[in-house]
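Shown next: my_file-v3.cif, given as mmCIF, C-alpha atoms.
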data_upload
loop_
_atom_site.label_atom_id
_atom_site.label_comp_id
_atom_site.auth_asym_id
_atom_site.auth_seq_id
_atom_site.Cartn_x
_atom_site.Cartn_y
_atom_site.Cartn_z
CA MET A 1 116.66 95.53 68.04
CA ILE A 2 117.55 92.78 70.50
CA ARG A 3 117.18 92.91 74.27
CA VAL A 4 119.65 91.00 76.44
CA THR A 5 118.88 90.45 80.13
CA ARG A 6 121.26 89.48 82.90
CA LYS A 7 120.02 88.59 86.38
CA LEU A 8 121.77 88.87 89.73
CA GLU A 9 120.88 88.68 93.39
CA PHE A 10 122.04 90.64 96.38
CA SER A 11 121.00 90.52 100.00
CA ALA A 12 120.81 93.71 102.00
CA ALA A 13 119.24 95.32 105.05
CA HIS A 14 117.24 98.53 105.30
CA PHE A 15 114.54 100.37 107.20
CA TYR A 16 112.37 103.38 106.40
CA HIS A 17 112.58 106.51 108.52
CA ASN A 18 112.10 110.16 107.62
CA PRO A 19 113.70 112.45 110.25
CA ASP A 20 111.24 115.21 109.30
CA PHE A 21 108.31 113.04 110.46
CA SER A 22 107.31 112.51 114.09
CA ALA A 23 107.82 109.02 115.54
CA GLU A 24 104.10 108.44 115.23
CA GLU A 25 103.98 109.59 111.60
CA ASN A 26 106.94 107.37 110.72
CA ARG A 27 105.09 104.41 112.17
CA ARG A 28 101.86 105.34 110.40
CA VAL A 29 103.45 105.85 106.96
CA PHE A 30 106.08 103.11 107.00
CA GLY A 31 104.51 100.50 109.27
CA LYS A 32 106.76 97.55 110.09
CA CYS A 33 109.43 98.94 107.73
CA ASN A 34 110.06 101.68 110.29
CA ASN A 35 111.63 99.20 112.77
CA PRO A 36 114.94 100.97 113.54
CA HIS A 37 116.77 97.66 113.90
CA GLY A 38 116.24 97.10 110.19
CA HIS A 39 115.25 94.02 108.23
CA GLY A 40 116.45 92.50 104.98
CA HIS A 41 115.56 91.15 101.57
CA ASN A 42 117.01 88.96 98.85
CA TYR A 43 116.84 91.47 96.04
CA VAL A 44 116.79 90.19 92.47
CA LEU A 45 117.95 92.58 89.76
CA GLU A 46 117.31 92.08 86.05
CA VAL A 47 119.35 94.33 83.80
CA THR A 48 118.27 94.59 80.16
CA VAL A 49 120.51 96.04 77.47
CA ALA A 50 119.10 96.74 74.00
CA GLY A 51 120.91 97.10 70.71
CA GLU A 52 121.81 95.56 67.39
CA PRO A 53 124.11 92.52 67.47
CA ASP A 54 127.63 93.16 66.13
CA PRO A 55 127.78 91.27 62.80
CA LYS A 56 131.23 89.86 63.65
CA THR A 57 130.48 88.52 67.14
CA GLY A 58 126.71 88.11 66.93
CA MET A 59 126.50 89.86 70.31
CA VAL A 60 124.76 93.04 71.45
CA LEU A 61 127.38 93.22 74.17
CA ASP A 62 129.90 90.91 75.79
CA LEU A 63 127.99 89.32 78.71
CA LYS A 64 131.29 88.74 80.48
CA GLU A 65 131.85 92.49 80.56
CA LEU A 66 128.28 93.11 81.72
CA LYS A 67 128.81 90.56 84.50
CA GLU A 68 131.97 92.39 85.59
CA ILE A 69 130.19 95.75 85.56
CA LEU A 70 127.34 94.32 87.65
CA ASP A 71 129.74 92.65 90.11
CA ARG A 72 131.65 95.88 90.60
CA GLU A 73 128.79 98.38 90.57
CA VAL A 74 125.98 96.41 92.20
CA THR A 75 127.22 93.37 94.13
CA GLN A 76 130.21 95.05 95.73
CA ARG A 77 128.19 98.17 96.51
CA MET A 78 125.06 96.52 97.92
CA ASP A 79 125.47 92.80 98.68
CA HIS A 80 125.41 92.10 102.43
CA ARG A 81 125.27 95.83 103.17
CA HIS A 82 122.96 98.00 105.20
CA LEU A 83 121.43 100.29 102.59
CA ASN A 84 120.72 103.12 105.07
CA TYR A 85 124.34 103.38 106.21
CA GLU A 86 126.69 101.89 103.66
CA VAL A 87 125.61 103.09 100.23
CA PRO A 88 126.53 106.77 99.78
CA GLU A 89 124.23 107.17 96.75
CA LEU A 90 121.25 106.45 99.03
CA THR A 91 122.21 108.96 101.73
CA GLY A 92 119.29 111.22 102.54
CA LYS A 93 116.85 108.97 100.67
CA ILE A 94 114.38 106.41 102.00
CA PRO A 95 115.83 103.14 100.58
CA THR A 96 112.62 101.91 98.96
CA CYS A 97 112.61 99.69 95.91
CA GLU A 98 111.83 102.82 93.82
CA GLU A 99 114.83 104.78 95.13
CA ILE A 100 117.24 101.83 94.87
CA ALA A 101 116.14 101.19 91.28
CA MET A 102 116.69 104.86 90.37
CA VAL A 103 120.15 104.85 91.98
CA LEU A 104 121.07 101.66 90.10
CA TRP A 105 119.83 103.14 86.82
CA ARG A 106 121.95 106.28 87.29
CA ILE A 107 125.01 104.16 88.16
CA LEU A 108 124.62 101.64 85.33
CA GLU A 109 123.34 103.78 82.45
CA PRO A 110 126.67 105.58 81.76
CA LYS A 111 128.64 102.31 82.17
CA ILE A 112 126.96 100.50 79.26
CA HIS A 113 128.81 101.35 76.06
CA GLN A 114 127.70 98.53 73.75
CA GLY A 115 123.97 98.86 73.21
CA HIS A 116 122.07 100.94 75.76
CA LEU A 117 120.44 100.30 79.10
CA ASP A 118 116.81 99.53 78.28
CA ARG A 119 115.30 98.46 81.58
CA ILE A 120 116.18 97.49 85.09
CA ARG A 121 113.71 95.46 87.11
CA LEU A 122 114.37 95.22 90.82
CA TYR A 123 112.48 92.65 92.89
CA GLU A 124 112.40 93.29 96.62
CA SER A 125 110.41 90.06 96.98
CA PRO A 126 108.52 87.87 94.50
CA ASP A 127 105.39 89.99 95.03
CA LEU A 128 106.94 93.46 94.71
CA PHE A 129 109.12 94.91 91.99
CA VAL A 130 109.97 98.17 90.27
CA ASP A 131 110.65 98.69 86.56
CA CYS A 132 112.92 101.53 85.53
CA THR A 133 113.02 102.33 81.82
CA ALA A 134 114.40 105.07 79.61
CA GLU A 135 112.06 108.01 79.15
CA PRO A 136 110.65 107.75 75.63
CA SER A 137 112.35 110.33 73.43
CA LYS A 138 110.31 113.35 72.34
CA ASP A 139 110.33 112.05 68.76
CA ALA A 140 108.76 108.79 69.89
CA ARG A 141 105.79 110.44 71.61
CA MET B 1 113.91 107.61 83.30
CA LYS B 2 110.44 106.22 83.92
CA LEU B 3 109.52 104.22 86.98
CA SER B 4 106.68 101.84 87.71
CA LEU B 5 105.93 99.80 90.82
CA TRP B 6 104.37 96.36 90.45
CA ARG B 7 102.64 94.36 93.14
CA ARG B 8 101.60 90.72 92.87
CA TYR B 9 98.42 89.24 94.34
CA SER B 10 96.63 85.95 93.86
CA PHE B 11 93.04 84.74 93.90
CA PRO B 12 91.44 81.40 93.10
CA ALA B 13 88.25 81.72 91.07
CA SER B 14 86.13 79.74 88.65
CA HIS B 15 84.62 80.48 85.26
CA ARG B 16 83.00 78.97 82.24
CA LEU B 17 83.57 80.25 78.72
CA PHE B 18 80.32 80.19 76.78
CA ARG B 19 77.81 82.45 75.06
CA GLN B 20 74.15 81.97 75.85
CA GLU B 21 73.11 82.76 72.27
CA TRP B 22 75.33 80.04 70.80
CA SER B 23 74.41 76.37 70.57
CA GLU B 24 76.11 73.82 72.82
CA GLN B 25 78.11 72.55 69.81
CA GLU B 26 79.20 76.04 68.80
CA ASN B 27 80.35 76.80 72.37
CA GLU B 28 82.27 73.56 72.48
CA ARG B 29 83.82 74.20 69.07
CA ILE B 30 85.06 77.68 70.08
CA PHE B 31 85.84 77.26 73.78
CA GLY B 32 86.64 73.54 74.01
CA LYS B 33 87.01 72.22 77.56
CA CYS B 34 86.48 75.73 78.91
CA ALA B 35 82.80 75.47 77.95
CA ASN B 36 82.20 72.66 80.47
CA PRO B 37 78.78 73.56 82.00
CA TYR B 38 79.96 72.73 85.51
CA SER B 39 82.71 75.40 85.20
CA HIS B 40 86.35 75.09 86.23
CA GLY B 41 88.84 77.24 88.11
CA HIS B 42 92.36 78.61 88.30
CA ASN B 43 94.78 80.10 90.80
CA TYR B 44 95.02 83.48 89.16
CA ALA B 45 98.16 85.55 89.84
CA LEU B 46 97.44 89.24 89.42
CA GLU B 47 100.11 91.91 88.95
CA VAL B 48 99.11 95.56 89.24
CA GLY B 49 101.50 98.28 88.05
CA VAL B 50 101.37 101.93 89.11
CA THR B 51 103.39 104.85 87.86
CA GLY B 52 103.95 108.46 88.89
CA PRO B 53 106.47 110.68 90.63
CA VAL B 54 108.37 109.33 93.64
CA ASP B 55 107.52 111.36 96.75
CA PRO B 56 110.93 112.38 98.19
CA ALA B 57 109.49 112.31 101.74
CA THR B 58 108.60 108.63 101.51
CA GLY B 59 110.66 107.35 98.56
CA MET B 60 107.44 105.88 97.16
CA ILE B 61 105.30 106.11 94.02
CA ALA B 62 102.41 104.90 96.17
CA ASN B 63 102.23 103.55 99.68
CA LEU B 64 101.81 99.77 99.46
CA ALA B 65 99.27 99.85 102.27
CA ASP B 66 97.07 102.18 100.16
CA LEU B 67 97.53 100.10 97.00
CA ASP B 68 96.93 96.79 98.80
CA GLY B 69 93.82 98.17 100.51
CA PHE B 70 92.42 99.49 97.22
CA VAL B 71 93.07 96.24 95.32
CA GLN B 72 91.55 94.25 98.18
CA GLN B 73 88.42 96.38 98.23
CA LYS B 74 87.92 96.79 94.46
CA VAL B 75 89.08 93.39 93.23
CA LEU B 76 90.01 90.67 95.70
CA ASP B 77 86.93 90.99 97.95
CA ALA B 78 84.80 90.27 94.87
CA PHE B 79 86.99 87.89 92.84
CA ASP B 80 88.55 85.69 95.53
CA HIS B 81 86.80 82.27 95.55
CA ALA B 82 84.08 83.56 93.23
CA TYR B 83 82.33 82.05 90.23
CA MET B 84 83.03 84.96 87.93
CA ASN B 85 80.20 84.34 85.44
CA GLU B 86 77.57 84.73 88.16
CA GLN B 87 79.20 86.81 90.86
CA ILE B 88 81.06 89.53 88.94
CA PRO B 89 78.40 91.76 87.35
CA GLU B 90 80.67 92.79 84.45
CA PHE B 91 80.63 89.18 83.21
CA ARG B 92 76.88 89.01 82.78
CA LYS B 93 77.49 90.62 79.38
CA CYS B 94 80.94 89.42 78.39
CA VAL B 95 82.85 86.13 78.49
CA PRO B 96 85.23 85.87 81.48
CA THR B 97 88.32 85.08 79.44
CA THR B 98 91.48 86.24 81.14
CA GLU B 99 91.75 88.98 78.49
CA ASN B 100 88.42 90.33 79.74
CA VAL B 101 89.35 89.75 83.40
CA CYS B 102 92.41 91.98 82.85
CA ARG B 103 90.26 94.70 81.29
CA VAL B 104 87.59 94.54 84.00
CA ILE B 105 90.17 94.64 86.80
CA PHE B 106 91.94 97.59 85.14
CA GLN B 107 88.61 99.45 84.97
CA ARG B 108 87.86 98.67 88.62
CA LEU B 109 91.28 100.03 89.65
CA ALA B 110 91.25 103.12 87.42
CA GLY B 111 90.02 105.32 90.30
CA PHE B 112 93.16 104.80 92.43
CA SER B 113 93.94 108.32 93.60
CA TYR B 114 97.59 108.08 94.63
CA ALA B 115 99.18 107.04 91.30
CA ARG B 116 98.24 106.16 87.74
CA ILE B 117 97.48 102.49 87.04
CA GLU B 118 100.06 101.49 84.43
CA GLY B 119 98.78 98.02 83.65
CA VAL B 120 97.29 94.76 84.85
CA ARG B 121 98.94 91.42 84.15
CA ILE B 122 97.34 88.09 84.99
CA GLU B 123 98.77 84.58 84.93
CA GLU B 124 95.84 82.22 84.47
CA THR B 125 98.20 79.26 84.85
CA GLY B 126 101.99 79.01 84.85
CA LYS B 127 101.78 78.75 81.06
CA ASN B 128 99.32 81.50 80.10
CA SER B 129 99.60 85.16 80.95
CA PHE B 130 97.76 88.25 79.74
CA GLU B 131 98.49 91.95 80.13
CA TYR B 132 96.35 95.04 79.72
CA ALA B 133 98.38 98.22 79.35
CA ALA B 134 96.89 101.63 80.08
CA PRO B 135 96.35 103.70 76.94
CA SER B 136 99.33 106.10 76.75
CA ASN B 137 97.18 109.26 77.07
CA SER B 138 95.14 108.15 80.10
#

If you took the structure in this file and wrote it as structure tokens, what would it be?
Amino acid sequence: MIRVTRKLEFSAAHFYHNPDFSAEENRRVFGKCNNPHGHGHNYVLEVTVAGEPDPKTGMVLDLKELKEILDREVTQRMDHRHLNYEVPELTGKIPTCEEIAMVLWRILEPKIHQGHLDRIRLYESPDLFVDCTAEPSKDAR
Amino acid sequence: MKLSLWRRYSFPASHRLFRQEWSEQENERIFGKCANPYSHGHNYALEVGVTGPVDPATGMIANLADLDGFVQQKVLDAFDHAYMNEQIPEFRKCVPTTENVCRVIFQRLAGFSYARIEGVRIEETGKNSFEYAAPSNS
């Protein structure tokens, strides 16, 4: 099996606030991230697709197609957006790195038809990232 | 889908790779420059991974403030600017290679109560990195 990874960046704003918490609890749990004016990050997303290379093309998948999928599904949806207000898939969620990674996995997984989505790694900053991988199948356990 | 959250820290520290019971020549043969009796140091980059369910109320596997505080208390307070051979008790009995540093740090962090420690990865330099993964049944 071969793993192919494509990287992209998007810049977006967010803040953390749970309406079920008091103002004080929001500040205690989320700290600076609770600032209602929001703040932003340069997110870096690594998308890894795994599979066997096609014997005719030598490719697991056409990277051009992957690039188009990522432009359409990730860049257009999230780049220079406010994640609390402009991304419907995040409505009702706290837009943490964990939640964004899960949303991206659910969006991208059904779109990959050559090979399969193996991992997405989302960096919020160079010192914080989330890995999202397929659940190992029952047979593999 | 399985999720893990990774946080990166750094600490400068020094070490010397040698075994007391070996001769000077034997230490030099096995450990090379790393056996230099005056020791040497690195800027270690430490990545700690945690895994577990995401709390819907916070969107988090673990609150970074809790993780940072725990890593500070259990690891960085002791390792930062330390001579590991002398100042980290675990290395009185084993050589402070970065393989062993990974294992020792994993053991120090195993008691984190908010999420399971998934692994510890250390870059000793930009060229060498080491990872200790939690056994799958822990």

Counting only C-alpha atoms, give me one row per residue of chain A with an atom at most 7 Å from an atom of chain B, showing the shortest contact pair and its distance in Å to one decimal, sorted by chain then residue number, as CSV.
residue,atom,partner,partner_atom,distance
A:Asn18,CA,B:Ala57,CA,6.8
A:Lys93,CA,B:Gly59,CA,6.7
A:Ile94,CA,B:Gly59,CA,5.2
A:Pro95,CA,B:Gly59,CA,7.0
A:Thr96,CA,B:Gly59,CA,5.8
A:Glu98,CA,B:Met60,CA,6.3
A:Glu99,CA,B:Gly59,CA,6.0
A:Asp127,CA,B:Arg8,CA,4.4
A:Leu128,CA,B:Arg7,CA,4.7
A:Phe129,CA,B:Trp6,CA,5.2
A:Val130,CA,B:Leu5,CA,4.4
A:Asp131,CA,B:Ser4,CA,5.2
A:Cys132,CA,B:Leu3,CA,4.6
A:Thr133,CA,B:Lys2,CA,5.1
A:Ala134,CA,B:Met1,CA,4.5
A:Glu135,CA,B:Met1,CA,4.6

Distance of CA of Glu118 (chain B) from CA of Gly31 (chain A), expressed in Å to one decimal place: 25.3 Å

Expected answer as a ChimeraX atom specification: all residues with atoms within 12 Å of (118.3, 92.7, 77.6), all atoms listed in the file: /A:1-7,46-53,59-63,66,112,114-121,133

Just give me the residues with any atom within 7 Å of (96.5, 81.6, 90.0), file coordinates, counting only C-alpha atoms, written as an mmCIF file with C-alpha atoms, in the coordinates of the input.
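Written out: out.cif:
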data_model
loop_
_atom_site.group_PDB
_atom_site.id
_atom_site.type_symbol
_atom_site.label_atom_id
_atom_site.label_comp_id
_atom_site.auth_asym_id
_atom_site.auth_seq_id
_atom_site.Cartn_x
_atom_site.Cartn_y
_atom_site.Cartn_z
ATOM 1 C CA SER B 10 96.630 85.950 93.860
ATOM 2 C CA PHE B 11 93.040 84.740 93.900
ATOM 3 C CA PRO B 12 91.440 81.400 93.100
ATOM 4 C CA HIS B 42 92.360 78.610 88.300
ATOM 5 C CA ASN B 43 94.780 80.100 90.800
ATOM 6 C CA TYR B 44 95.020 83.480 89.160
ATOM 7 C CA ALA B 45 98.160 85.550 89.840
ATOM 8 C CA GLU B 123 98.770 84.580 84.930
ATOM 9 C CA GLU B 124 95.840 82.220 84.470
ATOM 10 C CA THR B 125 98.200 79.260 84.850
#

Long-range neighbours of His15 (chain B) as a ChimeraX atom specification, 7 Å cut-off, only C-alpha atoms, 6 positions minimum in chain: /B:39-41,83-85,96

Between CA of Leu104 (chain A) and CA of Arg72 (chain A), distance in Å (one decimal): 12.1 Å

Interatomic distance, CA of Asn100 (chain B) to CA of Asn27 (chain B) (Å, one decimal):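 Distance between the two atoms: 17.4 Å.
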
Test item: the PyMOL selection byres ((chain B and resi 109-114) around 10) resolved as a PyMOL selection string: chain B and resi 48+50-52+61-63+66-67+70-71+73-75+103-108+115-120+134+138

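Neighbours of His37 (chain A) closer than or equal to 12 Å, with all atoms listed in the file counted and sequence neighbours fewer than 5 positions away skipped, come out as Ala13, His14, Phe15, Tyr16, His17, Lys32, His82 and Asn84 of chain A.
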
Answer key for the PyMOL selection byres ((chain A and resi 77) around 12), residues as an MDAnalysis selection string: chainID A and resid 10:12 69:76 78:83 85:90 100 103:104 107

Given the PyMOL selection byres ((chain B and resi 130) around 7), the residues it picks as a PyMOL selection string: chain B and resi 98-99+121-123+128-129+131-132

For region 96-123 of chain B, where the input has fewer atoms than it should, I would like N, CA and C atoms rebuilt and written as a short mmCIF file (atom, residue, chain, number, x, y, z; two decimals), keeping the file's coordinate frame.
data_model
loop_
_atom_site.label_atom_id
_atom_site.label_comp_id
_atom_site.auth_asym_id
_atom_site.auth_seq_id
_atom_site.Cartn_x
_atom_site.Cartn_y
_atom_site.Cartn_z
N PRO B 96 84.12 85.63 80.54
CA PRO B 96 85.23 85.87 81.48
C PRO B 96 86.54 85.19 81.06
N THR B 97 86.97 85.49 79.84
CA THR B 97 88.32 85.08 79.44
C THR B 97 89.30 85.91 80.26
N THR B 98 90.54 85.47 80.32
CA THR B 98 91.48 86.24 81.14
C THR B 98 91.79 87.59 80.48
N GLU B 99 91.65 87.67 79.14
CA GLU B 99 91.75 88.98 78.49
C GLU B 99 90.73 89.95 79.10
N ASN B 100 89.48 89.47 79.19
CA ASN B 100 88.42 90.33 79.74
C ASN B 100 88.58 90.56 81.24
N VAL B 101 89.11 89.56 81.96
CA VAL B 101 89.35 89.75 83.40
C VAL B 101 90.37 90.88 83.60
N CYS B 102 91.42 90.90 82.78
CA CYS B 102 92.41 91.98 82.85
C CYS B 102 91.74 93.35 82.66
N ARG B 103 90.90 93.42 81.63
CA ARG B 103 90.26 94.70 81.29
C ARG B 103 89.32 95.14 82.42
N VAL B 104 88.54 94.21 82.93
CA VAL B 104 87.59 94.54 84.00
C VAL B 104 88.34 94.98 85.26
N ILE B 105 89.41 94.27 85.59
CA ILE B 105 90.17 94.64 86.80
C ILE B 105 90.82 96.01 86.61
N PHE B 106 91.35 96.26 85.41
CA PHE B 106 91.94 97.59 85.14
C PHE B 106 90.88 98.67 85.35
N GLN B 107 89.67 98.44 84.82
CA GLN B 107 88.61 99.45 84.97
C GLN B 107 88.23 99.65 86.43
N ARG B 108 88.20 98.55 87.20
CA ARG B 108 87.86 98.67 88.62
C ARG B 108 88.92 99.45 89.39
N LEU B 109 90.19 99.38 88.92
CA LEU B 109 91.28 100.03 89.65
C LEU B 109 91.56 101.45 89.17
N ALA B 110 90.91 101.85 88.06
CA ALA B 110 91.25 103.12 87.42
C ALA B 110 91.09 104.31 88.37
N GLY B 111 90.25 104.20 89.39
CA GLY B 111 90.02 105.32 90.30
C GLY B 111 91.06 105.46 91.40
N PHE B 112 92.14 104.70 91.37
CA PHE B 112 93.16 104.80 92.43
C PHE B 112 93.71 106.23 92.44
N SER B 113 93.67 106.89 93.60
CA SER B 113 93.94 108.32 93.60
C SER B 113 95.40 108.68 93.85
N TYR B 114 96.22 107.72 94.25
CA TYR B 114 97.59 108.08 94.63
C TYR B 114 98.60 107.96 93.48
N ALA B 115 98.27 107.21 92.44
CA ALA B 115 99.18 107.04 91.30
C ALA B 115 98.36 106.54 90.13
N ARG B 116 98.96 106.61 88.93
CA ARG B 116 98.24 106.16 87.74
C ARG B 116 98.43 104.64 87.58
N ILE B 117 97.36 103.94 87.28
CA ILE B 117 97.48 102.49 87.04
C ILE B 117 98.13 102.31 85.66
N GLU B 118 99.27 101.65 85.66
CA GLU B 118 100.06 101.49 84.43
C GLU B 118 99.59 100.25 83.63
N GLY B 119 99.22 99.22 84.36
CA GLY B 119 98.78 98.02 83.65
C GLY B 119 98.36 96.94 84.63
N VAL B 120 97.73 95.92 84.07
CA VAL B 120 97.29 94.76 84.85
C VAL B 120 97.75 93.53 84.10
N ARG B 121 98.45 92.64 84.79
CA ARG B 121 98.94 91.42 84.15
C ARG B 121 98.42 90.23 84.96
N ILE B 122 97.89 89.25 84.28
CA ILE B 122 97.34 88.09 84.99
C ILE B 122 97.94 86.81 84.42
N GLU B 123 98.40 85.95 85.31
CA GLU B 123 98.77 84.58 84.93
C GLU B 123 97.58 83.70 85.27
#
